[in-house]
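Trainee: One structure is given below, represented as structure tokens, and several questions about it will come after.
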Amino acid sequence: MKVFETRGLKKSFQEFSALKGVDIHVNEGELFGLIGPNGSGKTTFFNCVTGTLKCSGGNVFFRGKDITNKGPDAIYKMGIGRTFQLIEMFPRMTVLDNMLLAIQESQGSMFGRLLTMNEDGNVKRALDLLGFLKISHLRDEYSKNLSYGQQKLLDFGMVLMTNPKLILLDEPTCGVEAEMRQELMNYIRDLNKQGHTIIVIEHNMDVVMNLCTRIAVLDAGEKIAEGTPEEIQNNAQVIEAYFGTEEDEEC
Amino acid sequence: MVRKIWLVSFLAIVACTFLLSSPVSAQQDKVTLAIVAEQSGGGAVVGERWTRGVQMAGDEINASGGILGKKVEFFIIDTKTEAPVAVAAVRKAIASNPFAVMGPVYSGSSIACMGLLAEAGIPQFVASESPNIATKNDPKNPNTFLSSLNVDLSVQKVANWITDVLKTKKMAILWVNNEFGRSGKDALKKVLTPKGVEIVIDLAAELGQSSFTGELARVKSSGADTLFVYMNEEESGKVLPQIREMGIDKQMKIIGETTILTEDTLRLAKDAANGVQGHVGLSPAAAPLKPVTDKYFAKYKEYPDHNFYKGYISMYVLKAAVEDNKSFDQQKFRDRMKNRVFCRKDYPGILMDVYYDGKGDIDRQTFLIKIENQKQTMSGILQPMNPGNFAGCK
Amino acid sequence: MDKINQGMRWQKMVAGSLCGLVLLILPSVIFKSQYFLYLSSLACIYMIVSCGLNITMGYAGQISLAQAGFLGIGAYTGALLGSTLGFWVTLPLGGLIAFVIGLGLGFPSLRVKTHFLAMVTIGFTVIVYLVLMNEQQWTGGPYGIFNIKKPSIGPFAFTSPAAYHIVVAVVTFILLFFAFWALNSPWGRAFKAIRENEGRAEMLGVSIRNYKLMAFAIGAGYAGVAGGLIGPLFGYIDPTMFALGFSFLFLLMVVVGGLGRFEGALLGAIIVAILPETLRFAEQYYPIIFALAAVLIMIFMPKGSVSFVDWVYKKLTGKEELQLTK
Amino acid sequence: MIEQLLIKGLSLGAIYAMIAIGFCLLWQSSRLVNFAEGEFVTIPAFLMVFFYSVLKLPFAPAIIAAIIVSAFLLGFVMKKTLVDALIARGNTPFVVTTIALGFLVRDSLTVFATPEALHFPSMIPQTPLQFGGAMFSSLDLWNIFVAAVVIVCLHLFIRKTKQGKALQAVAQNREAAGIMGIDVQKMILMAFVINAVLVAFSASLAAPIYMVKYDMGNELGLKAFYAAIIGGFNQVKGALLGGLLVGLIEIFTAAYISTQYKSGFVLIVLIAVILFKPEGILGTKEQL
């Protein structure tokens, strides 16, 4: 069953078109990979889907509803969470506050929140997640004082707070230490098994090929291939698009 | 948290100690008067003149032995030309327990603090000419005294001149939109309409307004034969050149009350003020005021305005009433100030005979002034409202 | 562990509140001079305004120059309806009216840029001033409104300055407590998040518009209540007490105190209301010193003069910051 | 009557327009809004009085000296101190700082100079003129003329010279201009200096009408700000149109609608523009 779908998604910045009509669909429970060379429009795709950027054309559907150009806050509350390639944090808020913020708006009414005194449930969940990510000792640290890898983990933790139906991960393992990376991959798999649908943008081919069940390849704003990891690995067009960019491991 | 509380308390105590360290103590052989006046802000200039008047009279009185042998001592508190600050200033003044409070000048400030002084039983002289002051006084026991005719009385006096001498039939009024201008406009309408003068148009100007084209265009086409300018010195000084530029002064008479005839207006309007006529309570052009005018000019190298005379005369009125009572009792002072005429022959310092009615209002001779060659010249005298009250001074 | 924290949190909150209440009421007991009592009441009123404005500006990041207008709305509500409805009704009513007008004003204008919002709010203040000045039949025009009565409960009237200060202090306490509560609730976290990174906050479901609107309206409502306290304090109000200049003053008050810090705004109010008295020797230079300080603080101490208190606190206790809110 | 109002309105609007154009240049080059712009007019006005009445310089040198000094103070010093310190933190801190700066200037002038309004002569003799039913003075034509010359010069400077084109590039996209090798900081400095010269010119025009007073800038600064927003913040021609419009609205409101609410009417126009066409009448939408 399709849980998420884009039809002819377009985005242009003045004369430059970053997405030229992308059709992608993701089925319930899939772990879907989105890859492509630098500048191929992967992050723009996420931004359009989550409402951060206004789409120039096409439609986005989530669980059968058209969510094109809805506000980012509304889309988040419908159950699409995401992480970021470049760190986007609240630098002068503590790690715990970052985590709590991620969930508070999805619960209750605005005025209910004003009267909330007891957030123990959320705190417990946040601490559990931080514990899993091995950064619970940092709970009262300002997030600006965290290392890049730690911030990346915090970002990942935040997206998990609300238990979203669809999770968009933008380069989740990039900058994370090697042993943590393996654990993260396992956790992503676990999440997927628990019923979360996940779309992953990844640079690291090993990660994508191991993790994903289906993969789409973007190049210059167009989808050039889609299929299982094996199909993608053998696709001539993909190899051509990636040729010469393989050594670019930075993110 | 406990530490935080300690720290906050500590800071609060420091703040309190700062606050508690300032009372002014009065000495035995001296009588303290508080000058609460506009020392800064928009009214700084007039406030300064009032202060100079009070102080000049005070210095003279001290030089000639003080009041009942006590030297007069002033302390000055600034109202910043804001009513709330004036209230604060008066509260501060009350804390030092002066015999009387001199000021403020602005009507809003004066009215805002008169209640407090009445409560504290400290008499007050104000430079304001608001008709509301007398009505806000306790009718049985007035505590706030004007130092010049209030606007309503002035207008009543000037009304006969407007109808009989100027023969005005249709009048336009340009008034500044504050307490002063509005009360003037209201009084003019109230007094002149029954006398058959038609107020064809009345237009509000903003405080500090600079361009009057829109208003003057309406005045010009209104068919009025007289334009009454009821604005402060600054707006008057700005509007007069524009009146001349649009040729309105050839079409109708330009008249005004007090402010349009002061040195400050002349300084801004230059020769555009020539030909303006009007009514003033106190002016350097008035003959009886000449000695003090000269003294002021020698000291400050400029001509004073009405506020200076008001301050000066009020000090001598205070002296006269206290010496009559032979005591510094404030209630006796208030009683003495009711329905009472002070004659120049008895008290030379007051310069002109003056009558205080039962409500704190004042009555005396006033003057008609005409501007010629950028100078104020006296063109007539208007007798007091009730000449009968002055019988004793003959 | 967290259960214990919960209990301690309550204890701390109650202790802190009592302490604050006592501090606010203290002047009624220790001051005999009605001038100092007046200053204390004024400081409290300013605290209400700056606390509200701090939510608007320090937390939700919007420049509002409408505070004087809202103050005027509150004050005139109290003065015009006070004799029929009574102080205890008009005080919250004035706040509520200002709050609703704040919603109405904020709703369309929050989508425009910061300096445009500043202009809309300037326009609002000027228009309120003009209405108060010109609609003489209702507002008394430039003559103002006199003999505004101080409140009473049953037979006990709060007529003396000391008694009225208790009223002011209690109202101030309630409003500060509410603000403190709100800033420690998820709302505070959302406000902070908006200030830190608006785009990201929105992507976490924070409805930027709703929160900014509430922040703006709360600031307005606070100013409205503060206005209701001004009338009885002076016994008199006129439109010049709510002119545009005061909006600028309130803005600088928050900035000098410390933008986005609960205690900073309060410090700013105290500085504006009381410091001129302690700097008596500098009387006429005081406004200059204050304005210069505001400029220098903006350049060198963006966190406001409260960071000086932080510094003292650090010297005393070795801790990073004296922070009352999270 | 209408021609009377038109001429006077344009004469007033010309002064507003010059200040408003200064606003726009600052915004375009630096994305900063100067809330002390009114005081930027007051300062050169006081300098003129100082040079003319206190130092007794002849009239023309006094005005030139005032313009040079204000270009230095309000252009160079301003850029090197406040702007450099605050520009990295965005517009809001700068707005607040300039509000404080405005207080500082006004309070300092009342204490150290004078709280009184001062008379200041006009640059040309005031001779009364008549045109149809309109009676005005040579000063009104002079205001319009000076403003027109200054604005045309500025326009030519921006369109034709290398420096002007660089300024335009910065206005369109600061980052891109920086990459193209334009010294953005220098352009900002230039904008501040041009602004200072513009306000100094408008001060010389405004002084005979407004009188030199510590708070003369309040009204001028606000009106110019209204003008810039109504016309369009990012267009010099927008500010010009806005200035003239504000001048006309002010005078026509007083003449035909209400004298008591005349300052309210222009605000209603302003608020309507902000809500319905935030980029201003001639402004273009900005991609930020």
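A note on labels: chains of the structure tokens are A, B, ... as shown, every chain counts residues from 1, and ligands are counted from 1 in their shown order.
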Chain C residues within 8 Å of chain B, counting only C-alpha atoms: which ones, as an MDAnalysis selection string?
Mentor: chainID C and resid 12 16 19 23 33:36 38:39 133 142:144 146 234:238 240:241 277:278 284 313 322
Trainee: Within region 99-300 of chain B, find each residue whose DSSP state, derived from the backbone, is helix (DSSP H, G or I), and express the selection as a ChimeraX atom specification.
Mentor: /B:107-120,132-136,151-165,179-195,213-220,233-245,248-251,258-261,263-273,287-300
Trainee: Kindly provide the residues of chain A that approach chain C to within 6 Å, each paired with its closest atom pair and their distance in Å to one decimal, based on only C-alpha atoms, listed by chain and increasing number, as a tab-separated table.
Mentor:
residue	atom	partner	partner_atom	distance
A:Pro72	CA	C:Met203	CA	5.0
A:Asp73	CA	C:Gly205	CA	3.6
A:Tyr76	CA	C:Gly205	CA	5.3
A:Lys77	CA	C:Gly205	CA	5.7
A:Phe90	CA	C:Glu196	CA	5.5
A:Ala102	CA	C:Leu204	CA	5.5
A:Glu105	CA	C:Gly205	CA	5.6
A:Arg113	CA	C:Pro186	CA	6.0
A:Leu114	CA	C:Ser185	CA	5.8
Trainee: Would you pick out the contacts of Trp161 (chain B) at 10 Å or less, using only C-alpha atoms, so that residues sharing its chain but fewer than 6 positions from it are not included, and give the list as a list in words?
Mentor: Val155, Lys167, Thr168, Gly278, His279, Leu368 and Leu382 of chain B
Trainee: Those residues you just picked out, can you put them in a file as a PDB file, in the first residue's frame with N, CA, C and O atoms?
Mentor:
ATOM      1  N   VAL B 155     -10.981  85.559  27.954  1.00  0.00           N
ATOM      2  CA  VAL B 155     -11.798  85.619  26.750  1.00  0.00           C
ATOM      3  C   VAL B 155     -12.999  86.526  26.968  1.00  0.00           C
ATOM      4  O   VAL B 155     -13.383  87.301  26.094  1.00  0.00           O
ATOM      5  N   LYS B 167     -14.916  94.987  15.624  1.00  0.00           N
ATOM      6  CA  LYS B 167     -16.157  94.808  14.876  1.00  0.00           C
ATOM      7  C   LYS B 167     -16.170  93.496  14.083  1.00  0.00           C
ATOM      8  O   LYS B 167     -16.567  93.459  12.922  1.00  0.00           O
ATOM      9  N   THR B 168     -15.702  92.454  14.727  1.00  0.00           N
ATOM     10  CA  THR B 168     -15.656  91.145  14.079  1.00  0.00           C
ATOM     11  C   THR B 168     -17.061  90.575  13.920  1.00  0.00           C
ATOM     12  O   THR B 168     -17.872  90.635  14.847  1.00  0.00           O
ATOM     13  N   GLY B 278      -3.465  91.690  20.031  1.00  0.00           N
ATOM     14  CA  GLY B 278      -4.007  90.719  20.962  1.00  0.00           C
ATOM     15  C   GLY B 278      -4.008  91.209  22.382  1.00  0.00           C
ATOM     16  O   GLY B 278      -3.699  92.367  22.677  1.00  0.00           O
ATOM     17  N   HIS B 279      -4.345  90.265  23.244  1.00  0.00           N
ATOM     18  CA  HIS B 279      -4.601  90.559  24.638  1.00  0.00           C
ATOM     19  C   HIS B 279      -3.612  89.778  25.480  1.00  0.00           C
ATOM     20  O   HIS B 279      -3.390  88.601  25.234  1.00  0.00           O
ATOM     21  N   LEU B 368      -3.856  95.386  26.015  1.00  0.00           N
ATOM     22  CA  LEU B 368      -3.943  95.098  24.590  1.00  0.00           C
ATOM     23  C   LEU B 368      -2.592  95.434  23.987  1.00  0.00           C
ATOM     24  O   LEU B 368      -2.014  96.481  24.291  1.00  0.00           O
ATOM     25  N   LEU B 382      -7.303  96.937  29.483  1.00  0.00           N
ATOM     26  CA  LEU B 382      -8.646  96.442  29.783  1.00  0.00           C
ATOM     27  C   LEU B 382      -8.800  96.425  31.296  1.00  0.00           C
ATOM     28  O   LEU B 382      -7.982  95.834  32.006  1.00  0.00           O
TER      29      LEU B 382
END
Trainee: Under the rule of at most 9 Å, produce a per-residue listing of chain B near chain D: chain, number, name, the closest pair of atoms, and the distance in Å, as JSON lines, using only C-alpha atoms.
Mentor:
{"residue": "B:Ser40", "atom": "CA", "partner": "D:Thr110", "partner_atom": "CA", "distance": 7.5}
{"residue": "B:Gly41", "atom": "CA", "partner": "D:Pro115", "partner_atom": "CA", "distance": 7.2}
{"residue": "B:Gly42", "atom": "CA", "partner": "D:Pro115", "partner_atom": "CA", "distance": 7.1}
{"residue": "B:Gly43", "atom": "CA", "partner": "D:Pro115", "partner_atom": "CA", "distance": 8.4}
{"residue": "B:Ala44", "atom": "CA", "partner": "D:Pro115", "partner_atom": "CA", "distance": 6.5}
{"residue": "B:Val45", "atom": "CA", "partner": "D:Glu116", "partner_atom": "CA", "distance": 6.5}
{"residue": "B:Asn177", "atom": "CA", "partner": "D:Gln260", "partner_atom": "CA", "distance": 7.6}
{"residue": "B:Leu203", "atom": "CA", "partner": "D:Thr259", "partner_atom": "CA", "distance": 6.0}
{"residue": "B:Ala204", "atom": "CA", "partner": "D:Thr259", "partner_atom": "CA", "distance": 5.4}
{"residue": "B:Ala205", "atom": "CA", "partner": "D:Thr259", "partner_atom": "CA", "distance": 6.7}
{"residue": "B:Glu206", "atom": "CA", "partner": "D:Gln260", "partner_atom": "CA", "distance": 7.7}
{"residue": "B:Gly208", "atom": "CA", "partner": "D:Met216", "partner_atom": "CA", "distance": 8.3}
{"residue": "B:Gln209", "atom": "CA", "partner": "D:Tyr210", "partner_atom": "CA", "distance": 8.1}
{"residue": "B:Ser210", "atom": "CA", "partner": "D:Tyr210", "partner_atom": "CA", "distance": 5.2}
{"residue": "B:Ser211", "atom": "CA", "partner": "D:Ile209", "partner_atom": "CA", "distance": 7.1}
{"residue": "B:Phe212", "atom": "CA", "partner": "D:Ile251", "partner_atom": "CA", "distance": 7.9}
{"residue": "B:Thr213", "atom": "CA", "partner": "D:Ile251", "partner_atom": "CA", "distance": 6.3}
{"residue": "B:Gly214", "atom": "CA", "partner": "D:Ala255", "partner_atom": "CA", "distance": 4.1}
{"residue": "B:Glu215", "atom": "CA", "partner": "D:Ala255", "partner_atom": "CA", "distance": 5.7}
{"residue": "B:Leu216", "atom": "CA", "partner": "D:Ala255", "partner_atom": "CA", "distance": 8.1}
{"residue": "B:Ala217", "atom": "CA", "partner": "D:Met1", "partner_atom": "CA", "distance": 6.6}
{"residue": "B:Arg218", "atom": "CA", "partner": "D:Ala255", "partner_atom": "CA", "distance": 6.0}
{"residue": "B:Ser221", "atom": "CA", "partner": "D:Met1", "partner_atom": "CA", "distance": 8.3}
{"residue": "B:Glu234", "atom": "CA", "partner": "D:Ala117", "partner_atom": "CA", "distance": 6.9}
{"residue": "B:Lys238", "atom": "CA", "partner": "D:Ile209", "partner_atom": "CA", "distance": 7.0}
{"residue": "B:Gln242", "atom": "CA", "partner": "D:Phe136", "partner_atom": "CA", "distance": 8.6}
{"residue": "B:Glu245", "atom": "CA", "partner": "D:Phe136", "partner_atom": "CA", "distance": 5.9}
{"residue": "B:Met246", "atom": "CA", "partner": "D:Met135", "partner_atom": "CA", "distance": 5.0}
{"residue": "B:Gly247", "atom": "CA", "partner": "D:Met135", "partner_atom": "CA", "distance": 7.2}
{"residue": "B:Asp264", "atom": "CA", "partner": "D:Ala117", "partner_atom": "CA", "distance": 8.7}
{"residue": "B:Arg267", "atom": "CA", "partner": "D:His119", "partner_atom": "CA", "distance": 7.0}
{"residue": "B:Leu268", "atom": "CA", "partner": "D:His119", "partner_atom": "CA", "distance": 5.1}
{"residue": "B:Ala269", "atom": "CA", "partner": "D:His119", "partner_atom": "CA", "distance": 8.0}
{"residue": "B:Lys270", "atom": "CA", "partner": "D:His119", "partner_atom": "CA", "distance": 8.7}
Trainee: Can you spit out the residues from that selection as a CSV table (one decimal), in the first residue's frame, using N, CA and C atoms?
Mentor:
chain,number,residue,atom,x,y,z
B,40,SER,N,13.1,70.7,32.0
B,40,SER,CA,13.5,70.0,30.7
B,40,SER,C,12.3,69.6,30.0
B,41,GLY,N,12.5,69.1,28.7
B,41,GLY,CA,11.4,68.7,27.9
B,41,GLY,C,10.8,69.9,27.2
B,42,GLY,N,9.6,69.7,26.6
B,42,GLY,CA,9.0,70.7,25.7
B,42,GLY,C,8.8,72.0,26.4
B,43,GLY,N,8.5,72.0,27.8
B,43,GLY,CA,8.2,73.2,28.5
B,43,GLY,C,9.4,73.9,29.2
B,44,ALA,N,10.6,73.4,28.8
B,44,ALA,CA,11.8,73.9,29.5
B,44,ALA,C,11.9,75.4,29.5
B,45,VAL,N,11.6,76.0,28.4
B,45,VAL,CA,11.8,77.5,28.3
B,45,VAL,C,10.9,78.2,29.2
B,177,ASN,N,-3.8,71.6,19.4
B,177,ASN,CA,-4.6,70.5,20.1
B,177,ASN,C,-4.0,70.0,21.4
B,203,LEU,N,-10.0,75.1,13.5
B,203,LEU,CA,-9.1,74.1,13.0
B,203,LEU,C,-8.1,73.8,14.0
B,204,ALA,N,-7.8,72.5,14.2
B,204,ALA,CA,-6.8,72.1,15.2
B,204,ALA,C,-5.4,71.9,14.5
B,205,ALA,N,-4.4,72.4,15.2
B,205,ALA,CA,-3.1,72.1,14.8
B,205,ALA,C,-2.4,71.2,15.8
B,206,GLU,N,-1.4,70.4,15.3
B,206,GLU,CA,-0.7,69.6,16.3
B,206,GLU,C,0.4,70.3,17.0
B,208,GLY,N,3.7,71.4,17.9
B,208,GLY,CA,4.9,71.3,17.1
B,208,GLY,C,4.7,71.2,15.6
B,209,GLN,N,3.5,71.4,15.1
B,209,GLN,CA,3.2,71.3,13.7
B,209,GLN,C,4.0,72.4,12.9
B,210,SER,N,4.4,72.0,11.7
B,210,SER,CA,5.3,72.9,11.0
B,210,SER,C,4.6,73.5,9.7
B,211,SER,N,3.9,72.7,9.0
B,211,SER,CA,3.3,73.2,7.8
B,211,SER,C,1.8,73.4,8.0
B,212,PHE,N,1.3,74.6,7.7
B,212,PHE,CA,-0.1,74.8,8.0
B,212,PHE,C,-0.9,75.1,6.8
B,213,THR,N,-0.3,74.7,5.6
B,213,THR,CA,-1.0,75.0,4.3
B,213,THR,C,-2.4,74.6,4.3
B,214,GLY,N,-2.7,73.3,4.7
B,214,GLY,CA,-4.1,72.8,4.6
B,214,GLY,C,-5.0,73.6,5.4
B,215,GLU,N,-4.6,73.9,6.6
B,215,GLU,CA,-5.5,74.7,7.6
B,215,GLU,C,-5.7,76.1,7.0
B,216,LEU,N,-4.6,76.7,6.6
B,216,LEU,CA,-4.7,78.1,6.2
B,216,LEU,C,-5.5,78.2,4.9
B,217,ALA,N,-5.4,77.2,4.0
B,217,ALA,CA,-6.2,77.3,2.8
B,217,ALA,C,-7.7,77.3,3.2
B,218,ARG,N,-8.0,76.6,4.2
B,218,ARG,CA,-9.4,76.6,4.6
B,218,ARG,C,-9.8,77.9,5.3
B,221,SER,N,-10.4,80.5,2.6
B,221,SER,CA,-11.7,80.4,1.9
B,221,SER,C,-12.9,80.4,2.8
B,234,GLU,N,5.8,78.3,19.8
B,234,GLU,CA,6.5,77.7,18.7
B,234,GLU,C,5.6,77.6,17.5
B,238,LYS,N,5.8,79.7,13.9
B,238,LYS,CA,5.8,79.0,12.5
B,238,LYS,C,4.7,79.4,11.6
B,242,GLN,N,3.7,81.9,7.4
B,242,GLN,CA,2.9,81.2,6.4
B,242,GLN,C,1.6,81.9,6.1
B,245,GLU,N,2.6,84.7,3.9
B,245,GLU,CA,2.9,84.2,2.5
B,245,GLU,C,1.6,84.0,1.7
B,246,MET,N,0.6,83.5,2.4
B,246,MET,CA,-0.7,83.2,1.7
B,246,MET,C,-1.6,84.4,1.6
B,247,GLY,N,-1.1,85.6,2.1
B,247,GLY,CA,-1.8,86.8,2.0
B,247,GLY,C,-3.0,86.9,2.9
B,264,ASP,N,9.3,85.0,22.3
B,264,ASP,CA,9.6,83.8,21.7
B,264,ASP,C,9.0,83.6,20.3
B,267,ARG,N,10.7,86.0,17.9
B,267,ARG,CA,12.1,85.5,17.5
B,267,ARG,C,11.9,84.6,16.3
B,268,LEU,N,10.9,83.8,16.3
B,268,LEU,CA,10.7,82.8,15.2
B,268,LEU,C,10.1,83.4,14.0
B,269,ALA,N,9.1,84.3,14.3
B,269,ALA,CA,8.3,84.8,13.1
B,269,ALA,C,8.9,86.0,12.5
B,270,LYS,N,9.8,86.7,13.2
B,270,LYS,CA,10.5,87.9,12.6
B,270,LYS,C,9.4,88.9,12.2
